[in-house]
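Listing of protein_15.tsv, TSV, C-alpha atoms
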chain	number	residue	atom	x	y	z
U	1	MET	CA	-4.31	208.85	-6.13
U	2	LEU	CA	-6.56	209.18	-9.17
U	3	ARG	CA	-9.58	211.42	-8.61
U	4	PHE	CA	-12.71	211.98	-10.69
U	5	ALA	CA	-15.97	213.86	-10.32
U	6	PHE	CA	-19.56	213.00	-11.19
U	7	ASP	CA	-21.35	216.21	-12.09
U	8	GLY	CA	-24.96	215.14	-11.79
U	9	THR	CA	-27.78	217.18	-10.27
U	10	THR	CA	-26.39	215.83	-7.01
U	11	ALA	CA	-22.62	215.60	-7.39
U	12	ALA	CA	-20.23	212.93	-6.18
U	13	GLN	CA	-16.49	212.48	-6.02
U	14	LEU	CA	-14.54	209.28	-6.54
U	15	ALA	CA	-10.96	208.11	-6.35
U	16	PHE	CA	-8.64	205.14	-6.76
U	17	THR	CA	-5.76	204.90	-4.32
U	18	SER	CA	-2.21	203.72	-5.01
U	19	THR	CA	0.69	202.34	-3.00
U	20	THR	CA	1.25	205.90	-1.75
U	21	GLU	CA	-1.86	205.57	0.44
U	22	GLY	CA	-0.68	202.11	1.53
U	23	ASN	CA	-2.50	198.84	2.06
U	24	LEU	CA	-6.14	199.36	3.06
U	25	ALA	CA	-7.16	195.71	3.53
U	26	LEU	CA	-7.44	193.80	6.79
U	27	HIS	CA	-7.07	190.29	5.32
U	28	VAL	CA	-3.51	190.33	3.95
U	29	GLY	CA	-1.52	189.87	7.16
U	30	ASP	CA	-0.96	193.56	7.83
U	31	ARG	CA	-1.44	194.93	11.35
U	32	ALA	CA	-5.08	195.87	11.84
U	33	ASP	CA	-4.26	199.06	13.73
U	34	ALA	CA	-1.97	200.20	10.90
U	35	VAL	CA	-4.63	199.47	8.27
U	36	LEU	CA	-7.32	201.32	10.22
U	37	GLU	CA	-4.99	204.28	10.69
U	38	ARG	CA	-4.39	204.42	6.91
U	39	ARG	CA	-8.14	204.36	6.36
U	40	ARG	CA	-8.57	207.28	8.77
U	41	THR	CA	-5.81	209.16	6.94
U	42	LEU	CA	-7.51	208.51	3.61
U	43	GLU	CA	-10.84	209.72	4.97
U	44	ALA	CA	-9.22	212.90	6.24
U	45	THR	CA	-7.53	213.45	2.86
U	46	LEU	CA	-10.89	213.12	1.12
U	47	GLY	CA	-12.58	215.49	3.57
U	48	LEU	CA	-14.58	212.71	5.24
U	49	ASP	CA	-15.17	212.06	8.93
U	50	ALA	CA	-13.33	209.19	10.57
U	51	GLY	CA	-15.24	205.96	10.00
U	52	ALA	CA	-17.23	207.35	7.09
U	53	LEU	CA	-16.05	204.84	4.48
U	54	GLN	CA	-18.12	201.65	4.26
U	55	PHE	CA	-16.00	198.63	3.32
U	56	MET	CA	-17.17	195.07	2.70
U	57	ASN	CA	-15.88	191.55	3.29
U	58	GLN	CA	-15.32	190.50	-0.33
U	59	THR	CA	-15.66	186.81	-1.21
U	60	HIS	CA	-15.73	186.73	-5.05
U	61	SER	CA	-19.51	186.33	-4.87
U	62	VAL	CA	-22.30	188.05	-6.79
U	63	ARG	CA	-23.96	189.41	-3.65
U	64	VAL	CA	-24.99	193.08	-3.69
U	65	HIS	CA	-25.61	194.77	-0.34
U	66	ARG	CA	-27.64	197.97	-0.04
U	67	VAL	CA	-26.09	200.28	2.55
U	68	THR	CA	-28.23	202.65	4.60
U	69	GLU	CA	-25.68	204.04	7.05
U	70	ALA	CA	-21.96	204.66	7.37
U	71	ALA	CA	-19.55	202.04	8.67
U	72	GLY	CA	-19.05	203.78	11.99
U	73	THR	CA	-22.77	203.99	12.82
U	74	GLY	CA	-25.52	201.59	13.73
U	75	THR	CA	-25.67	198.50	15.92
U	76	SER	CA	-25.21	195.73	13.35
U	77	PRO	CA	-22.31	193.29	14.04
U	78	GLU	CA	-20.28	194.62	11.11
U	79	ALA	CA	-20.77	198.29	12.00
U	80	GLY	CA	-17.46	199.85	12.93
U	81	SER	CA	-15.62	196.52	12.64
U	82	GLY	CA	-13.61	197.57	9.60
U	83	TRP	CA	-14.80	194.52	7.67
U	84	GLY	CA	-18.35	195.31	6.66
U	85	PRO	CA	-21.01	192.97	5.24
U	86	ASP	CA	-20.21	189.85	3.21
U	87	ALA	CA	-20.72	191.16	-0.32
U	88	ASP	CA	-18.91	192.06	-3.52
U	89	ALA	CA	-20.91	195.18	-4.28
U	90	LEU	CA	-22.32	197.97	-2.15
U	91	VAL	CA	-25.13	200.32	-3.18
U	92	SER	CA	-26.15	203.59	-1.54
U	93	ALA	CA	-29.62	204.32	-2.90
U	94	ASP	CA	-29.43	208.00	-1.94
U	95	GLY	CA	-25.68	208.44	-2.40
U	96	SER	CA	-25.26	209.52	1.21
U	97	VAL	CA	-22.80	206.82	2.30
U	98	ALA	CA	-19.12	206.83	1.30
U	99	LEU	CA	-18.39	203.42	-0.26
U	100	ALA	CA	-15.14	201.51	-0.79
U	101	VAL	CA	-13.99	198.44	-2.74
U	102	LEU	CA	-10.57	196.77	-2.36
U	103	VAL	CA	-8.54	195.10	-5.13
U	104	ALA	CA	-5.10	194.07	-6.33
U	105	ASP	CA	-5.56	193.01	-10.01
U	106	CYS	CA	-9.34	192.50	-9.91
U	107	LEU	CA	-11.54	195.28	-11.26
U	108	PRO	CA	-12.58	198.06	-8.88
U	109	VAL	CA	-15.77	199.44	-10.45
U	110	VAL	CA	-17.38	202.61	-9.09
U	111	PHE	CA	-20.88	203.74	-10.15
U	112	ALA	CA	-22.84	206.98	-9.94
U	113	ALA	CA	-26.21	207.90	-11.40
U	114	PRO	CA	-28.93	210.52	-11.05
U	115	THR	CA	-32.28	209.37	-9.75
U	116	GLY	CA	-35.70	210.45	-10.92
U	117	ASP	CA	-36.23	212.69	-7.89
U	118	GLY	CA	-33.10	214.72	-8.61
U	119	GLY	CA	-31.02	212.70	-6.17
U	120	LEU	CA	-28.01	210.43	-6.50
U	121	ALA	CA	-27.40	206.68	-6.33
U	122	THR	CA	-23.89	205.25	-5.97
U	123	ALA	CA	-22.24	201.85	-5.87
U	124	VAL	CA	-18.91	200.02	-5.84
U	125	ALA	CA	-18.22	196.50	-7.10
U	126	HIS	CA	-15.39	194.00	-6.87
U	127	ALA	CA	-15.19	192.16	-10.20
U	128	GLY	CA	-12.55	189.47	-10.45
U	129	ARG	CA	-12.82	186.59	-12.91
U	130	LYS	CA	-15.41	184.70	-10.84
U	131	GLY	CA	-17.51	187.73	-10.05
U	132	LEU	CA	-17.42	189.08	-13.59
U	133	LEU	CA	-18.45	185.73	-15.06
U	134	GLY	CA	-21.06	185.26	-12.35
U	135	GLY	CA	-22.73	188.58	-13.07
U	136	ILE	CA	-21.73	190.93	-10.25
U	137	LEU	CA	-21.85	193.97	-12.57
U	138	PRO	CA	-25.37	193.34	-13.97
U	139	ALA	CA	-26.54	192.61	-10.42
U	140	THR	CA	-25.14	195.95	-9.25
U	141	VAL	CA	-26.75	197.80	-12.15
U	142	ARG	CA	-30.11	196.18	-11.39
U	143	GLU	CA	-29.90	197.28	-7.75
U	144	LEU	CA	-29.09	200.82	-8.84
U	145	GLN	CA	-32.03	200.80	-11.25
U	146	ASP	CA	-34.30	199.51	-8.50
U	147	ALA	CA	-33.19	202.57	-6.51
U	148	GLY	CA	-34.38	204.80	-9.36
U	149	ALA	CA	-31.03	205.32	-11.08
U	150	ARG	CA	-31.00	206.33	-14.73
U	151	GLY	CA	-28.08	207.29	-16.95
U	152	ILE	CA	-25.57	205.25	-14.93
U	153	HIS	CA	-21.86	206.06	-15.27
U	154	ALA	CA	-19.18	203.55	-14.22
U	155	TRP	CA	-15.46	204.02	-13.69
U	156	ILE	CA	-13.13	201.01	-13.95
U	157	GLY	CA	-9.99	201.59	-11.93
U	158	PRO	CA	-6.48	200.12	-12.13
U	159	ALA	CA	-6.60	196.36	-12.78
U	160	ILE	CA	-4.62	193.68	-14.55
U	161	CYS	CA	-4.92	193.96	-18.33
U	162	GLY	CA	-5.61	191.32	-20.97
U	163	ALA	CA	-2.00	191.40	-22.14
U	164	CYS	CA	-0.84	190.29	-18.67
U	165	TYR	CA	-3.60	188.14	-17.11
U	166	GLU	CA	-2.36	184.71	-18.21
U	167	VAL	CA	-4.65	181.73	-17.53
U	168	PRO	CA	-4.76	178.08	-18.67
U	169	ALA	CA	-6.13	177.58	-22.17
U	170	ALA	CA	-9.10	175.59	-20.85
U	171	MET	CA	-10.05	178.36	-18.42
U	172	ALA	CA	-9.82	180.96	-21.18
U	173	ALA	CA	-12.09	178.92	-23.45
U	174	GLU	CA	-14.61	178.18	-20.69
U	175	SER	CA	-14.69	181.82	-19.64
U	176	ASP	CA	-15.26	182.96	-23.21
U	177	ALA	CA	-18.17	180.55	-23.53
U	178	ASP	CA	-19.79	182.25	-20.52
U	179	LEU	CA	-18.83	185.81	-21.47
U	180	PRO	CA	-17.94	186.06	-25.16
U	181	GLY	CA	-15.00	188.32	-25.92
U	182	ILE	CA	-13.25	187.94	-22.57
U	183	GLU	CA	-10.63	185.56	-24.02
U	184	ALA	CA	-7.41	187.30	-25.03
U	185	THR	CA	-3.68	186.69	-25.56
U	186	THR	CA	-0.79	187.87	-23.41
U	187	SER	CA	1.98	190.00	-24.85
U	188	TRP	CA	4.10	186.84	-24.85
U	189	GLY	CA	1.54	184.81	-26.82
U	190	THR	CA	-0.26	182.67	-24.22
U	191	PRO	CA	-4.00	182.49	-23.36
U	192	SER	CA	-5.33	185.25	-21.11
U	193	LEU	CA	-8.49	187.03	-20.01
U	194	ASP	CA	-9.28	190.68	-20.66
U	195	LEU	CA	-11.32	191.65	-17.61
U	196	PRO	CA	-11.44	195.43	-18.24
U	197	GLY	CA	-12.48	194.97	-21.86
U	198	ALA	CA	-15.13	192.39	-21.02
U	199	ALA	CA	-16.52	194.57	-18.22
U	200	THR	CA	-16.70	197.61	-20.50
U	201	ARG	CA	-18.62	195.67	-23.15
U	202	GLN	CA	-20.94	194.11	-20.60
U	203	LEU	CA	-21.74	197.47	-19.04
U	204	ALA	CA	-22.26	199.07	-22.45
U	205	GLY	CA	-24.81	196.35	-23.21
U	206	LEU	CA	-26.65	197.41	-20.06
U	207	GLY	CA	-26.70	201.04	-21.17
U	208	VAL	CA	-23.96	202.11	-18.75
U	209	ARG	CA	-21.43	204.73	-19.83
U	210	THR	CA	-17.92	203.68	-18.79
U	211	THR	CA	-14.64	205.44	-18.11
U	212	THR	CA	-11.49	203.33	-17.73
U	213	THR	CA	-8.15	204.37	-16.29
U	214	GLY	CA	-6.27	202.02	-18.64
U	215	ILE	CA	-3.75	201.29	-15.89
U	216	CYS	CA	-2.46	197.71	-15.55
U	217	THR	CA	-1.66	196.85	-11.94
U	218	LEU	CA	0.86	194.17	-12.94
U	219	GLU	CA	2.80	196.56	-15.17
U	220	ASP	CA	2.65	199.65	-12.97
U	221	PRO	CA	4.54	199.39	-9.63
U	222	ARG	CA	2.52	202.31	-8.22
U	223	TYR	CA	-0.37	199.86	-7.72
U	224	PHE	CA	-0.72	196.64	-5.78
U	225	SER	CA	-0.72	193.44	-7.87
U	226	TYR	CA	-1.40	189.96	-6.52
U	227	ARG	CA	0.14	188.44	-9.63
U	228	ARG	CA	3.37	190.37	-9.05
U	229	ASP	CA	3.41	189.70	-5.28
U	230	PRO	CA	0.90	187.30	-3.65
U	231	GLY	CA	1.54	188.93	-0.27
U	232	THR	CA	0.70	192.40	-1.51
U	233	GLY	CA	-1.75	194.93	-0.10
U	234	ARG	CA	-4.94	196.27	-1.64
U	235	LEU	CA	-5.84	199.59	-3.25
U	236	ALA	CA	-9.28	201.13	-2.84
U	237	GLY	CA	-11.88	202.50	-5.21
U	238	VAL	CA	-14.07	204.96	-3.29
U	239	ILE	CA	-17.05	207.23	-3.96
U	240	TRP	CA	-18.56	209.81	-1.64
U	241	PRO	CA	-21.09	212.67	-1.80
U	242	ALA	CA	-19.52	215.90	-2.99
U	243	GLY	CA	-19.26	218.89	-0.69
U	244	SER	CA	-20.15	217.08	2.51
U	245	THR	CA	-18.84	214.63	5.05
U	246	THR	CA	-20.48	211.45	6.24
U	247	ALA	CA	-20.77	211.34	10.01
U	248	ALA	CA	-19.29	208.37	11.83
Now, as a test, write the supplied structure out as C-alpha coordinates.
Amino acid sequence: MLRFAFDGTTAAQLAFTSTTEGNLALHVGDRADAVLERRRTLEATLGLDAGALQFMNQTHSVRVHRVTEAAGTGTSPEAGSGWGPDADALVSADGSVALAVLVADCLPVVFAAPTGDGGLATAVAHAGRKGLLGGILPATVRELQDAGARGIHAWIGPAICGACYEVPAAMAAESDADLPGIEATTSWGTPSLDLPGAATRQLAGLGVRTTTTGICTLEDPRYFSYRRDPGTGRLAGVIWPAGSTTAA
(Lines of atoms letter the chains of each structure in order from A and count residues from 1; the text may use other names and numbers.)
(Lines give C-alpha, C1' and ligand atoms only; values in the text may rest on other atoms or scores of the structure.)
Protein backbone atom coordinates (compact mmCIF):
# COMPACT_ATOMS: atom_id res chain seq x y z
CA MET A 1 0.00 0.00 0.00
CA LEU A 2 1.25 3.46 -0.93
CA ARG A 3 0.74 6.07 1.78
CA PHE A 4 1.05 9.85 1.71
CA ALA A 5 0.35 12.72 4.07
CA PHE A 6 -1.17 16.16 3.58
CA ASP A 7 0.42 18.52 6.07
CA GLY A 8 -2.04 21.38 6.04
CA THR A 9 -3.24 23.34 9.07
CA THR A 10 -5.61 20.41 9.44
CA ALA A 11 -3.75 17.29 8.34
CA ALA A 12 -4.99 14.32 6.34
CA GLN A 13 -3.63 10.94 5.34
CA LEU A 14 -4.16 9.13 2.07
CA ALA A 15 -3.31 5.79 0.53
CA PHE A 16 -3.62 3.64 -2.57
CA THR A 17 -4.12 -0.07 -1.99
CA SER A 18 -2.68 -2.96 -4.00
CA THR A 19 -3.50 -6.60 -4.61
CA THR A 20 -2.13 -7.28 -1.12
CA GLU A 21 -5.25 -5.68 0.38
CA GLY A 22 -7.40 -7.62 -2.10
CA ASN A 23 -10.43 -6.68 -4.15
CA LEU A 24 -12.49 -3.94 -2.50
CA ALA A 25 -15.33 -3.71 -5.05
CA LEU A 26 -18.77 -5.25 -4.82
CA HIS A 27 -19.55 -5.28 -8.55
CA VAL A 28 -16.94 -7.70 -9.94
CA GLY A 29 -18.51 -11.03 -8.96
CA ASP A 30 -16.66 -11.41 -5.67
CA ARG A 31 -18.55 -12.53 -2.57
CA ALA A 32 -20.03 -9.49 -0.84
CA ASP A 33 -19.17 -10.75 2.64
CA ALA A 34 -15.53 -11.25 1.62
CA VAL A 35 -15.35 -7.75 0.11
CA LEU A 36 -16.89 -6.14 3.18
CA GLU A 37 -14.49 -8.05 5.43
CA ARG A 38 -11.53 -6.74 3.40
CA ARG A 39 -12.90 -3.22 3.76
CA ARG A 40 -13.13 -3.67 7.53
CA THR A 41 -9.55 -4.97 7.58
CA LEU A 42 -8.39 -1.96 5.57
CA GLU A 43 -10.18 0.42 7.92
CA ALA A 44 -8.54 -1.23 10.91
CA THR A 45 -5.12 -1.01 9.23
CA LEU A 46 -5.65 2.71 8.66
CA GLY A 47 -6.79 3.27 12.24
CA LEU A 48 -10.41 3.88 11.24
CA ASP A 49 -13.60 2.54 12.80
CA ALA A 50 -15.50 -0.19 10.97
CA GLY A 51 -17.78 1.38 8.38
CA ALA A 52 -15.90 4.67 8.33
CA LEU A 53 -14.96 4.61 4.64
CA GLN A 54 -17.53 6.14 2.30
CA PHE A 55 -17.60 4.41 -1.09
CA MET A 56 -19.70 5.31 -4.13
CA ASN A 57 -21.48 3.50 -6.95
CA GLN A 58 -19.31 4.64 -9.86
CA THR A 59 -20.92 4.93 -13.30
CA HIS A 60 -18.34 6.83 -15.43
CA SER A 61 -20.42 9.98 -14.94
CA VAL A 62 -19.40 13.53 -14.03
CA ARG A 63 -21.58 13.62 -10.91
CA VAL A 64 -19.97 14.95 -7.72
CA HIS A 65 -21.63 14.08 -4.41
CA ARG A 66 -20.98 16.07 -1.24
CA VAL A 67 -20.77 13.74 1.76
CA THR A 68 -21.85 14.88 5.21
CA GLU A 69 -21.59 11.65 7.19
CA ALA A 70 -19.76 8.33 7.16
CA ALA A 71 -21.02 5.31 5.26
CA GLY A 72 -22.11 3.48 8.38
CA THR A 73 -24.28 6.33 9.70
CA GLY A 74 -27.51 8.00 8.74
CA THR A 75 -30.81 6.72 7.41
CA SER A 76 -30.38 7.24 3.66
CA PRO A 77 -30.88 4.11 1.49
CA GLU A 78 -27.19 3.91 0.62
CA ALA A 79 -25.97 4.33 4.20
CA GLY A 80 -24.23 1.18 5.35
CA SER A 81 -25.04 -0.66 2.12
CA GLY A 82 -21.44 -0.81 0.97
CA TRP A 83 -22.36 0.79 -2.36
CA GLY A 84 -22.84 4.46 -1.58
CA PRO A 85 -24.39 7.18 -3.76
CA ASP A 86 -24.36 7.11 -7.56
CA ALA A 87 -21.42 9.40 -8.29
CA ASP A 88 -17.87 9.48 -9.62
CA ALA A 89 -16.52 11.94 -7.09
CA LEU A 90 -17.08 12.46 -3.38
CA VAL A 91 -16.34 15.67 -1.48
CA SER A 92 -16.12 16.14 2.29
CA ALA A 93 -16.36 19.89 2.81
CA ASP A 94 -14.89 19.70 6.31
CA GLY A 95 -12.60 16.71 5.72
CA SER A 96 -14.31 14.73 8.47
CA VAL A 97 -15.44 11.76 6.38
CA ALA A 98 -13.05 9.05 5.14
CA LEU A 99 -13.54 8.77 1.37
CA ALA A 100 -12.76 5.98 -1.10
CA VAL A 101 -12.59 5.56 -4.89
CA LEU A 102 -12.22 2.21 -6.70
CA VAL A 103 -10.31 1.60 -9.95
CA ALA A 104 -8.48 -0.93 -12.10
CA ASP A 105 -6.74 1.12 -14.86
CA CYS A 106 -8.83 4.30 -14.51
CA LEU A 107 -7.34 7.18 -12.53
CA PRO A 108 -7.92 7.26 -8.77
CA VAL A 109 -7.52 10.94 -7.88
CA VAL A 110 -7.43 12.05 -4.24
CA PHE A 111 -7.67 15.73 -3.22
CA ALA A 112 -6.90 17.71 -0.07
CA ALA A 113 -6.93 21.45 0.53
CA PRO A 114 -6.95 23.94 3.38
CA THR A 115 -10.03 26.10 3.78
CA GLY A 116 -10.18 29.75 4.68
CA ASP A 117 -11.27 29.01 8.25
CA GLY A 118 -8.20 26.88 8.93
CA GLY A 119 -10.06 23.66 8.20
CA LEU A 120 -9.72 20.94 5.59
CA ALA A 121 -11.66 19.89 2.49
CA THR A 122 -11.10 16.51 0.84
CA ALA A 123 -12.31 14.63 -2.21
CA VAL A 124 -11.82 11.51 -4.33
CA ALA A 125 -12.60 11.12 -8.03
CA HIS A 126 -12.86 8.25 -10.49
CA ALA A 127 -11.50 9.47 -13.84
CA GLY A 128 -11.62 7.00 -16.68
CA ARG A 129 -11.65 8.08 -20.32
CA LYS A 130 -15.32 9.11 -20.27
CA GLY A 131 -15.14 10.91 -16.95
CA LEU A 132 -11.89 12.69 -17.77
CA LEU A 133 -13.22 13.91 -21.12
CA GLY A 134 -16.55 14.82 -19.55
CA GLY A 135 -14.97 17.00 -16.89
CA ILE A 136 -15.14 15.04 -13.64
CA LEU A 137 -11.90 16.61 -12.36
CA PRO A 138 -12.89 20.27 -12.97
CA ALA A 139 -16.29 19.49 -11.43
CA THR A 140 -14.59 18.09 -8.33
CA VAL A 141 -12.29 21.11 -8.07
CA ARG A 142 -15.27 23.48 -8.35
CA GLU A 143 -17.07 21.66 -5.53
CA LEU A 144 -13.97 21.90 -3.36
CA GLN A 145 -13.66 25.60 -4.12
CA ASP A 146 -17.32 26.10 -3.27
CA ALA A 147 -16.48 24.54 0.11
CA GLY A 148 -13.81 27.20 0.62
CA ALA A 149 -10.80 25.18 -0.50
CA ARG A 150 -7.69 27.03 -1.65
CA GLY A 151 -4.29 25.68 -2.61
CA ILE A 152 -5.67 22.29 -3.66
CA HIS A 153 -3.28 19.32 -3.89
CA ALA A 154 -4.18 16.20 -5.89
CA TRP A 155 -2.58 12.77 -5.92
CA ILE A 156 -3.01 10.52 -8.97
CA GLY A 157 -2.65 6.88 -8.01
CA PRO A 158 -1.73 3.77 -9.98
CA ALA A 159 -3.43 3.75 -13.40
CA ILE A 160 -2.79 2.57 -16.93
CA CYS A 161 -0.16 4.69 -18.68
CA GLY A 162 -0.13 6.26 -22.13
CA ALA A 163 2.38 3.69 -23.39
CA CYS A 164 -0.11 0.89 -22.65
CA TYR A 165 -3.65 2.28 -23.05
CA GLU A 166 -4.24 1.33 -26.69
CA VAL A 167 -7.43 2.65 -28.34
CA PRO A 168 -8.73 2.87 -31.93
CA ALA A 169 -7.22 5.69 -33.97
CA ALA A 170 -10.60 7.40 -34.33
CA MET A 171 -11.16 7.38 -30.57
CA ALA A 172 -7.70 8.81 -29.96
CA ALA A 173 -8.31 11.65 -32.42
CA GLU A 174 -11.79 12.41 -31.08
CA SER A 175 -10.52 12.40 -27.51
CA ASP A 176 -7.67 14.75 -28.38
CA ALA A 177 -10.14 17.15 -29.98
CA ASP A 178 -12.01 17.30 -26.65
CA LEU A 179 -8.92 17.34 -24.42
CA PRO A 180 -5.82 18.37 -26.38
CA GLY A 181 -2.69 16.45 -25.48
CA ILE A 182 -4.41 13.27 -24.33
CA GLU A 183 -3.54 11.42 -27.56
CA ALA A 184 -0.39 9.31 -27.28
CA THR A 185 1.34 6.26 -28.77
CA THR A 186 1.84 2.85 -27.20
CA SER A 187 5.29 1.38 -26.74
CA TRP A 188 4.50 -0.83 -29.74
CA GLY A 189 3.55 2.11 -31.98
CA THR A 190 -0.26 2.17 -32.00
CA PRO A 191 -2.67 4.98 -30.98
CA SER A 192 -3.29 5.38 -27.25
CA LEU A 193 -4.51 7.79 -24.60
CA ASP A 194 -2.38 9.21 -21.79
CA LEU A 195 -4.88 9.63 -18.98
CA PRO A 196 -2.39 10.47 -16.19
CA GLY A 197 -0.62 13.07 -18.31
CA ALA A 198 -3.86 14.67 -19.48
CA ALA A 199 -5.21 14.78 -15.92
CA THR A 200 -2.02 16.38 -14.62
CA ARG A 201 -2.16 19.11 -17.27
CA GLN A 202 -5.86 19.71 -16.74
CA LEU A 203 -5.42 20.05 -12.99
CA ALA A 204 -2.41 22.33 -13.41
CA GLY A 205 -4.57 24.59 -15.58
CA LEU A 206 -7.00 24.79 -12.66
CA GLY A 207 -4.23 25.79 -10.27
CA VAL A 208 -4.05 22.37 -8.60
CA ARG A 209 -0.67 20.99 -7.52
CA THR A 210 -0.37 17.32 -8.48
CA THR A 211 1.64 14.35 -7.29
CA THR A 212 1.64 11.19 -9.41
CA THR A 213 2.76 7.71 -8.41
CA GLY A 214 3.93 6.94 -11.97
CA ILE A 215 2.78 3.34 -11.57
CA CYS A 216 1.14 1.64 -14.57
CA THR A 217 -1.47 -0.89 -13.48
CA LEU A 218 -1.12 -2.91 -16.69
CA GLU A 219 2.64 -3.24 -16.31
CA ASP A 220 2.78 -3.81 -12.55
CA PRO A 221 1.19 -7.09 -11.32
CA ARG A 222 0.92 -5.68 -7.79
CA TYR A 223 -2.12 -3.70 -8.98
CA PHE A 224 -5.42 -4.70 -10.52
CA SER A 225 -5.76 -4.06 -14.26
CA TYR A 226 -8.95 -4.53 -16.27
CA ARG A 227 -6.94 -4.55 -19.49
CA ARG A 228 -4.79 -7.40 -18.20
CA ASP A 229 -7.74 -9.33 -16.73
CA PRO A 230 -11.37 -8.22 -17.35
CA GLY A 231 -12.50 -10.21 -14.31
CA THR A 232 -10.09 -8.49 -11.97
CA GLY A 233 -10.77 -6.75 -8.67
CA ARG A 234 -10.42 -3.08 -7.79
CA LEU A 235 -7.87 -1.13 -5.76
CA ALA A 236 -8.86 1.84 -3.62
CA GLY A 237 -7.65 5.39 -3.29
CA VAL A 238 -8.61 6.65 0.18
CA ILE A 239 -8.25 9.82 2.25
CA TRP A 240 -9.10 10.32 5.90
CA PRO A 241 -8.55 12.92 8.65
CA ALA A 242 -5.20 12.51 10.36
CA GLY A 243 -5.01 11.53 14.00
CA SER A 244 -8.63 10.54 14.41
CA THR A 245 -11.16 7.90 13.51
CA THR A 246 -14.51 8.38 11.86
CA ALA A 247 -17.31 6.80 13.84
CA ALA A 248 -19.55 4.29 12.11
Select from region 90-152 of chain U every residue with an atom at most 12 Å from any atom of region 14-21 of chain U, then for each give the shortest pair of atoms and their distance in Å to one decimal, using only C-alpha atoms, rows by chain and rising number, as a Markdown table.
| residue | atom | partner | partner_atom | distance |
| --- | --- | --- | --- | --- |
| U:Gly95 | CA | U:Leu14 | CA | 11.9 |
| U:Ala98 | CA | U:Leu14 | CA | 9.4 |
| U:Leu99 | CA | U:Leu14 | CA | 9.4 |
| U:Ala100 | CA | U:Phe16 | CA | 9.5 |
| U:Val101 | CA | U:Phe16 | CA | 9.5 |
| U:Leu102 | CA | U:Thr17 | CA | 9.6 |
| U:Val103 | CA | U:Phe16 | CA | 10.2 |
| U:Ala104 | CA | U:Ser18 | CA | 10.2 |
| U:Leu107 | CA | U:Phe16 | CA | 11.2 |
| U:Pro108 | CA | U:Phe16 | CA | 8.4 |
| U:Val109 | CA | U:Phe16 | CA | 9.8 |
| U:Val110 | CA | U:Leu14 | CA | 7.7 |
| U:Phe111 | CA | U:Leu14 | CA | 9.2 |
| U:Ala112 | CA | U:Leu14 | CA | 9.3 |
| U:Thr122 | CA | U:Leu14 | CA | 10.2 |
| U:Ala123 | CA | U:Leu14 | CA | 10.7 |
| U:Val124 | CA | U:Leu14 | CA | 10.3 |
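Closest approach to Thr217 (chain U) among U:Cys106, U:Arg150, U:Arg142, U:Ala177: U:Cys106, based on all atoms listed in the file.
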Legend entry - Contacts of Ala87 (chain U) at 7 Å (all atoms listed in the file; same-chain gap of 5+ positions) as a PyMOL selection string: chain U and resi 56-59+61+63-65
Legend entry - Surrounding residues of Arg66 (chain U) excluding itself and chain neighbours under 5 positions, 7 Å, all atoms listed in the file, as number ranges by chain: U: 90-92
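Nearest to Gly243 (chain U) of all the residues U:Asp7, U:Glu219, U:Asp33, U:Asp178 is U:Asp7, based on only C-alpha atoms.
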Legend entry - U:Trp155, U:Ala121, U:Thr10, U:Asp86 ranked by distance to Val238 (chain U), top pick (using only C-alpha atoms):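 Among U:Trp155, U:Ala121, U:Thr10, U:Asp86, it is U:Trp155 that comes nearest to Val238 (chain U).
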Legend entry - Separation of CA of Gly233 (chain U) from CA of Thr45 (chain U) in Å: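 Those two atoms sit 19.6 Å apart.
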